[in-house]
$ cat entry.csv   # CSV, N, CA and C atoms
chain,number,residue,atom,x,y,z
P,1,GLN,N,122.6,117.8,56.4
P,1,GLN,CA,122.7,116.4,56.9
P,1,GLN,C,121.6,115.6,56.4
P,2,VAL,N,121.9,114.4,55.9
P,2,VAL,CA,120.8,113.5,55.4
P,2,VAL,C,120.3,112.6,56.5
P,3,HIS,N,119.0,112.4,56.6
P,3,HIS,CA,118.4,111.6,57.6
P,3,HIS,C,117.6,110.5,56.8
P,4,LEU,N,117.8,109.3,57.2
P,4,LEU,CA,117.1,108.1,56.5
P,4,LEU,C,116.3,107.3,57.5
P,5,VAL,N,115.1,107.0,57.2
P,5,VAL,CA,114.2,106.2,58.1
P,5,VAL,C,113.6,105.1,57.3
P,6,GLU,N,114.0,103.8,57.7
P,6,GLU,CA,113.4,102.6,57.1
P,6,GLU,C,112.1,102.2,57.7
P,7,SER,N,111.3,101.5,57.0
P,7,SER,CA,110.1,100.8,57.5
P,7,SER,C,109.8,99.7,56.5
P,8,GLY,N,108.8,98.9,57.0
P,8,GLY,CA,108.3,97.8,56.1
P,8,GLY,C,108.8,96.4,56.5
P,9,GLY,N,109.7,96.4,57.4
P,9,GLY,CA,110.2,95.0,57.8
P,9,GLY,C,109.1,94.3,58.6
P,10,GLY,N,109.3,93.0,58.8
P,10,GLY,CA,108.4,92.1,59.5
P,10,GLY,C,108.7,90.7,59.3
P,11,SER,N,107.8,89.9,59.7
P,11,SER,CA,107.9,88.4,59.6
P,11,SER,C,107.1,87.9,58.4
P,12,VAL,N,107.7,87.0,57.7
P,12,VAL,CA,107.0,86.4,56.5
P,12,VAL,C,107.5,85.0,56.3
P,13,GLN,N,106.7,84.2,55.7
P,13,GLN,CA,107.1,82.8,55.4
P,13,GLN,C,107.9,82.7,54.2
P,14,SER,N,108.7,81.7,54.1
P,14,SER,CA,109.5,81.5,52.9
P,14,SER,C,108.6,81.5,51.6
P,15,GLY,N,109.1,82.2,50.6
P,15,GLY,CA,108.4,82.4,49.4
P,15,GLY,C,107.5,83.6,49.4
P,16,GLY,N,107.4,84.3,50.5
P,16,GLY,CA,106.6,85.5,50.6
P,16,GLY,C,107.3,86.8,50.1
P,17,SER,N,106.7,87.9,50.3
P,17,SER,CA,107.2,89.2,49.8
P,17,SER,C,107.1,90.2,50.8
P,18,LEU,N,108.0,91.2,50.8
P,18,LEU,CA,107.9,92.4,51.6
P,18,LEU,C,108.4,93.6,50.8
P,19,ARG,N,108.0,94.7,51.1
P,19,ARG,CA,108.5,96.0,50.5
P,19,ARG,C,109.0,96.9,51.6
P,20,LEU,N,110.3,97.1,51.5
P,20,LEU,CA,110.9,98.1,52.5
P,20,LEU,C,110.9,99.5,51.9
P,21,SER,N,110.7,100.4,52.8
P,21,SER,CA,110.7,101.8,52.4
P,21,SER,C,111.8,102.6,53.1
P,22,CYS,N,112.3,103.6,52.5
P,22,CYS,CA,113.3,104.4,53.2
P,22,CYS,C,113.1,105.9,52.8
P,23,VAL,N,112.6,106.6,53.8
P,23,VAL,CA,112.3,108.1,53.5
P,23,VAL,C,113.6,108.9,53.8
P,24,VAL,N,114.0,109.6,52.8
P,24,VAL,CA,115.2,110.4,52.8
P,24,VAL,C,114.8,111.9,53.1
P,25,SER,N,115.4,112.5,54.1
P,25,SER,CA,115.1,113.9,54.4
P,25,SER,C,116.4,114.6,54.6
P,26,GLY,N,116.4,115.9,54.6
P,26,GLY,CA,117.6,116.7,54.8
P,26,GLY,C,118.1,117.3,53.5
P,27,ARG,N,117.9,116.6,52.4
P,27,ARG,CA,118.2,117.1,51.1
P,27,ARG,C,117.6,116.2,50.1
P,28,SER,N,117.4,116.6,48.9
P,28,SER,CA,116.9,115.8,47.8
P,28,SER,C,117.9,114.7,47.5
P,29,PHE,N,117.4,113.6,47.1
P,29,PHE,CA,118.4,112.5,46.8
P,29,PHE,C,118.6,112.4,45.3
P,30,ASP,N,118.2,113.5,44.6
P,30,ASP,CA,118.6,113.6,43.2
P,30,ASP,C,120.1,113.6,43.1
P,31,LYS,N,120.6,112.9,42.1
P,31,LYS,CA,122.1,112.8,41.9
P,31,LYS,C,122.8,112.2,43.1
P,32,SER,N,122.2,111.2,43.6
P,32,SER,CA,122.8,110.5,44.8
P,32,SER,C,122.8,109.0,44.5
P,33,GLY,N,123.8,108.3,45.1
P,33,GLY,CA,123.7,106.9,45.2
P,33,GLY,C,122.9,106.4,46.4
P,34,LEU,N,122.0,105.5,46.2
P,34,LEU,CA,121.1,105.0,47.3
P,34,LEU,C,121.2,103.5,47.3
P,35,GLY,N,121.4,102.9,48.5
P,35,GLY,CA,121.6,101.5,48.6
P,35,GLY,C,120.9,100.9,49.7
P,36,TRP,N,120.8,99.6,49.7
P,36,TRP,CA,120.3,98.7,50.8
P,36,TRP,C,121.4,97.7,51.2
P,37,PHE,N,121.6,97.6,52.5
P,37,PHE,CA,122.5,96.7,53.0
P,37,PHE,C,121.8,95.8,54.1
P,38,ARG,N,122.4,94.7,54.5
P,38,ARG,CA,121.7,93.9,55.5
P,38,ARG,C,122.8,93.3,56.4
P,39,GLN,N,122.4,93.0,57.6
P,39,GLN,CA,123.3,92.3,58.5
P,39,GLN,C,122.5,91.2,59.3
P,40,ALA,N,122.9,90.0,59.0
P,40,ALA,CA,122.3,88.9,59.7
P,40,ALA,C,123.0,88.6,61.0
P,41,PRO,N,122.3,88.0,62.0
P,41,PRO,CA,122.9,87.7,63.3
P,41,PRO,C,124.2,87.0,63.2
P,42,GLY,N,125.3,87.6,63.8
P,42,GLY,CA,126.6,86.9,63.8
P,42,GLY,C,127.4,87.1,62.5
P,43,LYS,N,126.9,87.9,61.6
P,43,LYS,CA,127.6,88.1,60.3
P,43,LYS,C,127.9,89.6,60.1
P,44,GLU,N,128.8,89.8,59.2
P,44,GLU,CA,129.1,91.2,58.8
P,44,GLU,C,128.0,91.8,57.9
P,45,ARG,N,127.9,93.1,58.0
P,45,ARG,CA,127.0,93.8,57.1
P,45,ARG,C,127.4,93.6,55.6
P,46,GLU,N,126.4,93.3,54.8
P,46,GLU,CA,126.7,93.1,53.4
P,46,GLU,C,125.8,94.0,52.5
P,47,TRP,N,126.4,94.3,51.4
P,47,TRP,CA,125.7,95.1,50.4
P,47,TRP,C,124.6,94.2,49.7
P,48,VAL,N,123.4,94.8,49.5
P,48,VAL,CA,122.3,94.0,48.8
P,48,VAL,C,122.0,94.6,47.4
P,49,ALA,N,121.8,95.9,47.4
P,49,ALA,CA,121.4,96.5,46.1
P,49,ALA,C,121.7,98.0,46.2
P,50,SER,N,121.9,98.6,45.0
P,50,SER,CA,122.0,100.1,45.0
P,50,SER,C,121.8,100.6,43.6
P,51,MET,N,121.6,101.9,43.6
P,51,MET,CA,121.3,102.6,42.3
P,51,MET,C,121.8,104.0,42.4
P,52,TYR,N,121.8,104.6,41.2
P,52,TYR,CA,122.1,106.1,41.2
P,52,TYR,C,120.8,106.7,40.7
P,53,TRP,N,120.3,107.7,41.5
P,53,TRP,CA,119.0,108.4,41.2
P,53,TRP,C,119.3,109.7,40.6
P,54,SER,N,118.8,110.0,39.4
P,54,SER,CA,119.0,111.3,38.8
P,54,SER,C,117.8,111.6,37.9
P,55,GLY,N,117.4,112.8,38.0
P,55,GLY,CA,116.3,113.3,37.1
P,55,GLY,C,115.0,112.5,37.2
P,56,GLY,N,114.8,111.9,38.3
P,56,GLY,CA,113.5,111.2,38.5
P,56,GLY,C,113.6,109.7,38.1
P,57,TYR,N,114.8,109.3,37.7
P,57,TYR,CA,114.9,107.9,37.2
P,57,TYR,C,116.0,107.1,38.0
P,58,THR,N,115.8,105.8,37.9
P,58,THR,CA,116.8,104.9,38.5
P,58,THR,C,117.8,104.6,37.4
P,59,HIS,N,119.1,104.7,37.8
P,59,HIS,CA,120.2,104.4,36.9
P,59,HIS,C,121.1,103.5,37.6
P,60,TYR,N,121.8,102.7,36.8
P,60,TYR,CA,122.9,101.8,37.3
P,60,TYR,C,122.5,101.0,38.5
P,61,ALA,N,121.3,100.4,38.4
P,61,ALA,CA,120.9,99.5,39.5
P,61,ALA,C,121.7,98.2,39.5
P,62,HIS,N,122.2,97.8,40.6
P,62,HIS,CA,123.0,96.6,40.8
P,62,HIS,C,122.5,95.8,42.0
P,63,TYR,N,122.7,94.5,41.9
P,63,TYR,CA,122.2,93.6,43.0
P,63,TYR,C,123.3,92.6,43.3
P,64,SER,N,123.3,92.2,44.5
P,64,SER,CA,124.2,91.1,44.9
P,64,SER,C,123.7,89.8,44.3
P,65,ASP,N,124.6,88.9,44.0
P,65,ASP,CA,124.2,87.6,43.4
P,65,ASP,C,123.1,86.9,44.2
P,66,SER,N,123.2,87.1,45.5
P,66,SER,CA,122.2,86.3,46.4
P,66,SER,C,120.8,86.8,46.3
P,67,VAL,N,120.6,88.0,45.7
P,67,VAL,CA,119.2,88.5,45.6
P,67,VAL,C,118.8,88.9,44.2
P,68,LYS,N,119.7,88.8,43.3
P,68,LYS,CA,119.4,89.1,41.9
P,68,LYS,C,118.3,88.3,41.4
P,69,GLY,N,117.3,89.0,40.7
P,69,GLY,CA,116.2,88.3,40.2
P,69,GLY,C,115.0,88.2,41.2
P,70,ARG,N,115.3,88.5,42.5
P,70,ARG,CA,114.2,88.4,43.5
P,70,ARG,C,113.9,89.8,44.1
P,71,PHE,N,114.9,90.6,44.2
P,71,PHE,CA,114.8,92.0,44.8
P,71,PHE,C,114.9,93.0,43.7
P,72,THR,N,114.1,94.1,44.0
P,72,THR,CA,114.2,95.3,43.0
P,72,THR,C,114.3,96.6,43.8
P,73,ILE,N,115.2,97.4,43.5
P,73,ILE,CA,115.4,98.7,44.1
P,73,ILE,C,114.8,99.8,43.2
P,74,SER,N,114.1,100.7,43.8
P,74,SER,CA,113.4,101.8,43.0
P,74,SER,C,113.3,103.0,43.9
P,75,GLY,N,112.9,104.1,43.3
P,75,GLY,CA,112.7,105.3,44.1
P,75,GLY,C,111.5,106.1,43.6
P,76,ASP,N,111.0,107.0,44.4
P,76,ASP,CA,109.9,107.9,44.1
P,76,ASP,C,110.4,109.3,44.6
P,77,ALA,N,110.8,110.1,43.7
P,77,ALA,CA,111.3,111.5,44.0
P,77,ALA,C,110.2,112.3,44.7
P,78,THR,N,108.9,112.1,44.3
P,78,THR,CA,107.9,112.9,44.8
P,78,THR,C,107.7,112.7,46.3
P,79,LYS,N,108.1,111.5,46.7
P,79,LYS,CA,108.0,111.1,48.2
P,79,LYS,C,109.4,111.0,48.8
P,80,ASN,N,110.4,111.3,48.1
P,80,ASN,CA,111.8,111.2,48.6
P,80,ASN,C,112.0,109.9,49.3
P,81,THR,N,111.5,108.8,48.6
P,81,THR,CA,111.5,107.5,49.2
P,81,THR,C,112.2,106.5,48.3
P,82,VAL,N,113.0,105.7,48.9
P,82,VAL,CA,113.6,104.5,48.2
P,82,VAL,C,113.0,103.3,48.6
P,83,TYR,N,112.8,102.3,47.7
P,83,TYR,CA,112.1,101.1,48.0
P,83,TYR,C,113.0,99.9,47.7
P,84,LEU,N,112.8,98.8,48.4
P,84,LEU,CA,113.4,97.5,48.1
P,84,LEU,C,112.2,96.5,48.1
P,85,GLN,N,111.8,96.1,46.9
P,85,GLN,CA,110.8,95.1,46.8
P,85,GLN,C,111.5,93.7,46.9
P,86,MET,N,111.1,92.9,47.8
P,86,MET,CA,111.7,91.6,48.0
P,86,MET,C,110.7,90.5,47.8
P,87,ASN,N,110.9,89.7,46.8
P,87,ASN,CA,110.0,88.6,46.5
P,87,ASN,C,110.8,87.3,46.7
P,88,SER,N,110.0,86.2,46.7
P,88,SER,CA,110.6,84.9,46.8
P,88,SER,C,111.6,84.8,48.0
P,89,LEU,N,111.2,85.3,49.1
P,89,LEU,CA,112.1,85.4,50.3
P,89,LEU,C,112.4,84.0,50.8
P,90,LYS,N,113.7,84.0,51.3
P,90,LYS,CA,114.2,82.7,51.8
P,90,LYS,C,114.7,83.0,53.3
P,91,PRO,N,114.7,81.9,54.0
P,91,PRO,CA,115.2,82.1,55.4
P,91,PRO,C,116.5,82.8,55.5
P,92,GLU,N,117.4,82.6,54.6
P,92,GLU,CA,118.7,83.2,54.6
P,92,GLU,C,118.7,84.7,54.3
P,93,ASP,N,117.5,85.2,54.0
P,93,ASP,CA,117.3,86.7,53.8
P,93,ASP,C,117.0,87.4,55.2
P,94,THR,N,116.9,86.6,56.2
P,94,THR,CA,116.6,87.1,57.5
P,94,THR,C,117.8,88.0,58.0
P,95,ALA,N,117.5,89.2,58.3
P,95,ALA,CA,118.6,90.2,58.7
P,95,ALA,C,117.9,91.5,59.1
P,96,VAL,N,118.7,92.4,59.6
P,96,VAL,CA,118.4,93.8,59.7
P,96,VAL,C,118.8,94.5,58.4
P,97,TYR,N,117.8,95.2,57.8
P,97,TYR,CA,118.1,95.9,56.5
P,97,TYR,C,118.3,97.4,56.8
P,98,TYR,N,119.3,97.9,56.2
P,98,TYR,CA,119.6,99.3,56.3
P,98,TYR,C,119.6,100.0,54.9
P,99,CYS,N,119.1,101.2,54.8
P,99,CYS,CA,119.3,102.0,53.6
P,99,CYS,C,120.4,103.0,53.9
P,100,ALA,N,121.1,103.4,52.8
P,100,ALA,CA,122.2,104.3,52.9
P,100,ALA,C,122.3,105.2,51.7
P,101,ALA,N,123.0,106.3,51.8
P,101,ALA,CA,123.1,107.2,50.8
P,101,ALA,C,124.5,107.7,50.6
P,102,THR,N,124.9,108.1,49.4
P,102,THR,CA,126.2,108.7,49.1
P,102,THR,C,126.1,109.6,47.9
P,103,ILE,N,126.9,110.6,47.9
P,103,ILE,CA,127.0,111.5,46.8
P,103,ILE,C,128.0,111.0,45.8
P,104,SER,N,128.8,110.0,46.1
P,104,SER,CA,129.8,109.5,45.2
P,104,SER,C,129.4,108.0,44.9
P,105,TYR,N,128.9,107.8,43.8
P,105,TYR,CA,128.5,106.4,43.4
P,105,TYR,C,129.5,105.8,42.4
P,106,TYR,N,129.9,104.6,42.8
P,106,TYR,CA,130.9,103.9,41.9
P,106,TYR,C,130.1,103.0,40.9
P,107,TYR,N,130.0,103.5,39.7
P,107,TYR,CA,129.2,102.7,38.7
P,107,TYR,C,129.8,101.3,38.4
P,108,ILE,N,131.1,101.2,38.5
P,108,ILE,CA,131.7,99.9,38.1
P,108,ILE,C,131.5,98.9,39.2
P,109,ASP,N,131.7,99.3,40.5
P,109,ASP,CA,131.5,98.5,41.6
P,109,ASP,C,130.8,99.2,42.7
P,110,PRO,N,129.4,99.3,42.6
P,110,PRO,CA,128.6,100.1,43.5
P,110,PRO,C,128.8,99.7,45.0
P,111,SER,N,129.1,98.4,45.2
P,111,SER,CA,129.2,97.9,46.6
P,111,SER,C,130.3,98.6,47.3
P,112,LYS,N,131.3,99.2,46.6
P,112,LYS,CA,132.4,99.9,47.1
P,112,LYS,C,132.2,101.4,47.3
P,113,SER,N,131.0,101.9,46.9
P,113,SER,CA,130.7,103.3,47.0
P,113,SER,C,130.8,103.7,48.5
P,114,PRO,N,131.2,104.9,48.8
P,114,PRO,CA,131.4,105.4,50.1
P,114,PRO,C,130.1,105.9,50.7
P,115,PHE,N,129.2,104.9,51.0
P,115,PHE,CA,127.9,105.3,51.7
P,115,PHE,C,128.2,105.9,53.0
P,116,ASP,N,127.7,107.1,53.3
P,116,ASP,CA,128.1,107.7,54.6
P,116,ASP,C,126.9,108.2,55.4
P,117,SER,N,125.7,108.0,54.9
P,117,SER,CA,124.5,108.3,55.6
P,117,SER,C,123.7,107.0,55.8
P,118,TRP,N,123.2,106.7,57.0
P,118,TRP,CA,122.6,105.4,57.2
P,118,TRP,C,121.3,105.6,58.0
P,119,GLY,N,120.4,104.7,57.8
P,119,GLY,CA,119.2,104.6,58.6
P,119,GLY,C,119.4,103.7,59.8
P,120,GLN,N,118.4,103.6,60.6
P,120,GLN,CA,118.5,102.8,61.8
P,120,GLN,C,118.2,101.3,61.6
P,121,GLY,N,117.7,101.0,60.5
P,121,GLY,CA,117.5,99.6,60.2
P,121,GLY,C,116.1,99.1,60.5
P,122,THR,N,115.7,98.1,59.7
P,122,THR,CA,114.4,97.5,59.9
P,122,THR,C,114.6,95.9,59.8
P,123,HIS,N,113.9,95.2,60.7
P,123,HIS,CA,114.1,93.8,60.8
P,123,HIS,C,113.2,93.0,59.8
P,124,VAL,N,113.8,92.0,59.2
P,124,VAL,CA,113.1,91.1,58.3
P,124,VAL,C,113.4,89.7,58.8
P,125,THR,N,112.4,88.9,59.0
P,125,THR,CA,112.5,87.6,59.5
P,125,THR,C,111.7,86.7,58.5
P,126,VAL,N,112.4,85.7,57.9
P,126,VAL,CA,111.8,84.8,57.0
P,126,VAL,C,111.8,83.4,57.6
P,127,SER,N,110.7,82.8,57.8
P,127,SER,CA,110.6,81.5,58.4
P,127,SER,C,110.4,80.4,57.3
P,128,SER,N,110.9,79.2,57.6
P,128,SER,CA,110.8,78.1,56.6
P,128,SER,C,109.5,77.4,56.8
$ encode --input "entry.csv" --output "structure tokens"
Amino acid sequence: QVHLVESGGGSVQSGGSLRLSCVVSGRSFDKSGLGWFRQAPGKEREWVASMYWSGGYTHYAHYSDSVKGRFTISGDATKNTVYLQMNSLKPEDTAVYYCAATISYYYIDPSKSPFDSWGQGTHVTVSS
């Protein structure tokens, strides 16, 4: 069973940066799809970014249009940790951010991948 624990959330002003971390335990995340989702108050959870991790490298990284160019997903196999670097943050980025894992990654439309392991979430608040 895969266990995911996020950290790194907090409060930041518009234009600031945060780096979220997600430690994956239970199994190696080699040859796994790893993603970040978020859920803002009163809204449905939405896909933010995801990648396929294999052989120590990030493959097929994709981003939602709302974060493309500002957020970067990456991984460190030595630490079994996935990161989400968030720059140029906006108030509309305020949400609970979740990391997720799947062994089946849809390269064509990663947002539709069957992520089945989830962390507990970390809060991000961006003030104007």
$ atom_distance --input "entry.csv" --atom1 "atom N of P:Tyr83" --atom2 "atom CA of P:Leu20"
6.7 Å
$ residues_around --input "entry.csv" --residues "P:Tyr107" --least-positions-apart "4" --cutoff "8 Å" --atoms "all atoms listed in the file" --output "list in words"
Tyr60, Ser111 and Ser113 of chain P
$ closest_residue --input "entry.csv" --among "P:Gly69, P:Gly56, P:Pro91, P:Gly26" --to "P:Ser14" --atoms "all atoms listed in the file"
P:Pro91
$ atom_distance --input "entry.csv" --atom1 "atom C of P:Ser54" --atom2 "atom C of P:Gln85"
21.0 Å
$ closest_residue --input "entry.csv" --among "P:Gly35, P:Gly16, P:Cys22, P:Val2" --to "P:Thr81" --atoms "all atoms listed in the file"
P:Cys22
$ atom_distance --input "entry.csv" --atom1 "atom C of P:Met86" --atom2 "atom C of P:Ile103"
26.9 Å
$ closest_residue --input "entry.csv" --among "P:Tyr63, P:Trp53, P:Trp47, P:Tyr97" --to "P:Gly33" --atoms "all atoms listed in the file"
P:Trp53
$ closest_residue --input "entry.csv" --among "P:Val24, P:Leu84, P:Leu89, P:Leu4" --to "P:Ser117" --atoms "all atoms listed in the file"
P:Leu4
$ select_by_dssp --input "entry.csv" --residues "stretch 17-112 of chain P" --states "strand (DSSP E or B)" --output "number ranges by chain"
P: 18-25, 32-39, 46-54, 57-63, 71-76, 81-86, 95-102
$ closest_residue --input "entry.csv" --among "P:Ser25, P:Gln13, P:Ser128, P:Ser32" --to "P:Ser50" --atoms "only C-alpha atoms"
P:Ser32
$ closest_residue --input "entry.csv" --among "P:Cys99, P:Val67, P:Ala77, P:Ala40" --to "P:Gly55" --atoms "all atoms listed in the file"
P:Ala77
$ residues_near_point --input "entry.csv" --point "(130.6, 105.6, 48.4)" --cutoff "9 Å" --atoms "only C-alpha atoms" --output "PyMOL selection string"
chain P and resi 33+101-106+110-116
$ residues_near_point --input "entry.csv" --point "(113.1, 106.1, 59.2)" --cutoff "6.5 Å" --atoms "all atoms listed in the file" --output "ChimeraX atom specification"
/P:4-7,22-23,119-120
$ write_last_selection --input "entry.csv" --atoms "N, CA and C atoms" --output "tab-separated table (two decimals), keeping the file's coordinate frame"
chain	number	residue	atom	x	y	z
P	4	LEU	N	117.80	109.30	57.20
P	4	LEU	CA	117.10	108.10	56.50
P	4	LEU	C	116.30	107.30	57.50
P	5	VAL	N	115.10	107.00	57.20
P	5	VAL	CA	114.20	106.20	58.10
P	5	VAL	C	113.60	105.10	57.30
P	6	GLU	N	114.00	103.80	57.70
P	6	GLU	CA	113.40	102.60	57.10
P	6	GLU	C	112.10	102.20	57.70
P	7	SER	N	111.30	101.50	57.00
P	7	SER	CA	110.10	100.80	57.50
P	7	SER	C	109.80	99.70	56.50
P	22	CYS	N	112.30	103.60	52.50
P	22	CYS	CA	113.30	104.40	53.20
P	22	CYS	C	113.10	105.90	52.80
P	23	VAL	N	112.60	106.60	53.80
P	23	VAL	CA	112.30	108.10	53.50
P	23	VAL	C	113.60	108.90	53.80
P	119	GLY	N	120.40	104.70	57.80
P	119	GLY	CA	119.20	104.60	58.60
P	119	GLY	C	119.40	103.70	59.80
P	120	GLN	N	118.40	103.60	60.60
P	120	GLN	CA	118.50	102.80	61.80
P	120	GLN	C	118.20	101.30	61.60
$ decode --input "entry.csv" --residues "stretch 91-116 of chain P" --atoms "N, CA and C atoms" --output "PDB file, in the first residue's frame"
ATOM      1  N   PRO P  91      -3.932  34.771  -6.116  1.00  0.00           N
ATOM      2  CA  PRO P  91      -4.983  34.444  -5.142  1.00  0.00           C
ATOM      3  C   PRO P  91      -5.833  33.244  -5.575  1.00  0.00           C
ATOM      4  N   GLU P  92      -6.034  33.081  -6.867  1.00  0.00           N
ATOM      5  CA  GLU P  92      -6.845  31.955  -7.360  1.00  0.00           C
ATOM      6  C   GLU P  92      -6.134  30.608  -7.221  1.00  0.00           C
ATOM      7  N   ASP P  93      -4.875  30.618  -6.796  1.00  0.00           N
ATOM      8  CA  ASP P  93      -4.170  29.367  -6.504  1.00  0.00           C
ATOM      9  C   ASP P  93      -4.474  28.863  -5.094  1.00  0.00           C
ATOM     10  N   THR P  94      -5.176  29.652  -4.320  1.00  0.00           N
ATOM     11  CA  THR P  94      -5.535  29.253  -2.961  1.00  0.00           C
ATOM     12  C   THR P  94      -6.378  27.979  -2.981  1.00  0.00           C
ATOM     13  N   ALA P  95      -5.912  26.959  -2.269  1.00  0.00           N
ATOM     14  CA  ALA P  95      -6.605  25.667  -2.280  1.00  0.00           C
ATOM     15  C   ALA P  95      -5.888  24.707  -1.341  1.00  0.00           C
ATOM     16  N   VAL P  96      -6.496  23.551  -1.129  1.00  0.00           N
ATOM     17  CA  VAL P  96      -5.798  22.431  -0.507  1.00  0.00           C
ATOM     18  C   VAL P  96      -5.176  21.629  -1.643  1.00  0.00           C
ATOM     19  N   TYR P  97      -3.892  21.375  -1.534  1.00  0.00           N
ATOM     20  CA  TYR P  97      -3.165  20.664  -2.582  1.00  0.00           C
ATOM     21  C   TYR P  97      -2.908  19.220  -2.135  1.00  0.00           C
ATOM     22  N   TYR P  98      -3.187  18.301  -3.041  1.00  0.00           N
ATOM     23  CA  TYR P  98      -3.028  16.872  -2.772  1.00  0.00           C
ATOM     24  C   TYR P  98      -2.058  16.252  -3.771  1.00  0.00           C
ATOM     25  N   CYS P  99      -1.214  15.360  -3.310  1.00  0.00           N
ATOM     26  CA  CYS P  99      -0.451  14.565  -4.255  1.00  0.00           C
ATOM     27  C   CYS P  99      -1.098  13.196  -4.377  1.00  0.00           C
ATOM     28  N   ALA P 100      -0.853  12.558  -5.502  1.00  0.00           N
ATOM     29  CA  ALA P 100      -1.507  11.292  -5.802  1.00  0.00           C
ATOM     30  C   ALA P 100      -0.583  10.433  -6.655  1.00  0.00           C
ATOM     31  N   ALA P 101      -0.836   9.140  -6.634  1.00  0.00           N
ATOM     32  CA  ALA P 101      -0.003   8.201  -7.382  1.00  0.00           C
ATOM     33  C   ALA P 101      -0.869   7.181  -8.103  1.00  0.00           C
ATOM     34  N   THR P 102      -0.334   6.690  -9.206  1.00  0.00           N
ATOM     35  CA  THR P 102      -1.001   5.643  -9.974  1.00  0.00           C
ATOM     36  C   THR P 102       0.053   4.813 -10.702  1.00  0.00           C
ATOM     37  N   ILE P 103      -0.242   3.539 -10.906  1.00  0.00           N
ATOM     38  CA  ILE P 103       0.665   2.713 -11.700  1.00  0.00           C
ATOM     39  C   ILE P 103       0.255   2.734 -13.169  1.00  0.00           C
ATOM     40  N   SER P 104      -0.865   3.356 -13.453  1.00  0.00           N
ATOM     41  CA  SER P 104      -1.337   3.451 -14.842  1.00  0.00           C
ATOM     42  C   SER P 104      -1.389   4.923 -15.229  1.00  0.00           C
ATOM     43  N   TYR P 105      -0.461   5.352 -16.037  1.00  0.00           N
ATOM     44  CA  TYR P 105      -0.377   6.772 -16.408  1.00  0.00           C
ATOM     45  C   TYR P 105      -0.782   6.926 -17.867  1.00  0.00           C
ATOM     46  N   TYR P 106      -1.743   7.816 -18.077  1.00  0.00           N
ATOM     47  CA  TYR P 106      -2.238   8.061 -19.417  1.00  0.00           C
ATOM     48  C   TYR P 106      -1.435   9.193 -20.044  1.00  0.00           C
ATOM     49  N   TYR P 107      -0.505   8.850 -20.916  1.00  0.00           N
ATOM     50  CA  TYR P 107       0.393   9.837 -21.485  1.00  0.00           C
ATOM     51  C   TYR P 107      -0.343  10.882 -22.321  1.00  0.00           C
ATOM     52  N   ILE P 108      -1.386  10.483 -22.994  1.00  0.00           N
ATOM     53  CA  ILE P 108      -2.116  11.388 -23.879  1.00  0.00           C
ATOM     54  C   ILE P 108      -2.936  12.399 -23.080  1.00  0.00           C
ATOM     55  N   ASP P 109      -3.601  11.941 -22.038  1.00  0.00           N
ATOM     56  CA  ASP P 109      -4.406  12.817 -21.205  1.00  0.00           C
ATOM     57  C   ASP P 109      -4.169  12.452 -19.745  1.00  0.00           C
ATOM     58  N   PRO P 110      -3.063  12.931 -19.183  1.00  0.00           N
ATOM     59  CA  PRO P 110      -2.680  12.516 -17.824  1.00  0.00           C
ATOM     60  C   PRO P 110      -3.729  12.841 -16.766  1.00  0.00           C
ATOM     61  N   SER P 111      -4.511  13.882 -16.990  1.00  0.00           N
ATOM     62  CA  SER P 111      -5.520  14.244 -15.989  1.00  0.00           C
ATOM     63  C   SER P 111      -6.563  13.152 -15.819  1.00  0.00           C
ATOM     64  N   LYS P 112      -6.673  12.258 -16.782  1.00  0.00           N
ATOM     65  CA  LYS P 112      -7.650  11.163 -16.720  1.00  0.00           C
ATOM     66  C   LYS P 112      -7.042   9.890 -16.135  1.00  0.00           C
ATOM     67  N   SER P 113      -5.773   9.928 -15.741  1.00  0.00           N
ATOM     68  CA  SER P 113      -5.128   8.751 -15.167  1.00  0.00           C
ATOM     69  C   SER P 113      -5.853   8.335 -13.894  1.00  0.00           C
ATOM     70  N   PRO P 114      -5.928   7.048 -13.642  1.00  0.00           N
ATOM     71  CA  PRO P 114      -6.637   6.549 -12.454  1.00  0.00           C
ATOM     72  C   PRO P 114      -5.793   6.643 -11.192  1.00  0.00           C
ATOM     73  N   PHE P 115      -5.582   7.873 -10.704  1.00  0.00           N
ATOM     74  CA  PHE P 115      -4.841   8.045  -9.458  1.00  0.00           C
ATOM     75  C   PHE P 115      -5.628   7.400  -8.323  1.00  0.00           C
ATOM     76  N   ASP P 116      -4.983   6.493  -7.586  1.00  0.00           N
ATOM     77  CA  ASP P 116      -5.718   5.749  -6.571  1.00  0.00           C
ATOM     78  C   ASP P 116      -5.082   5.793  -5.191  1.00  0.00           C
TER      79      ASP P 116
END
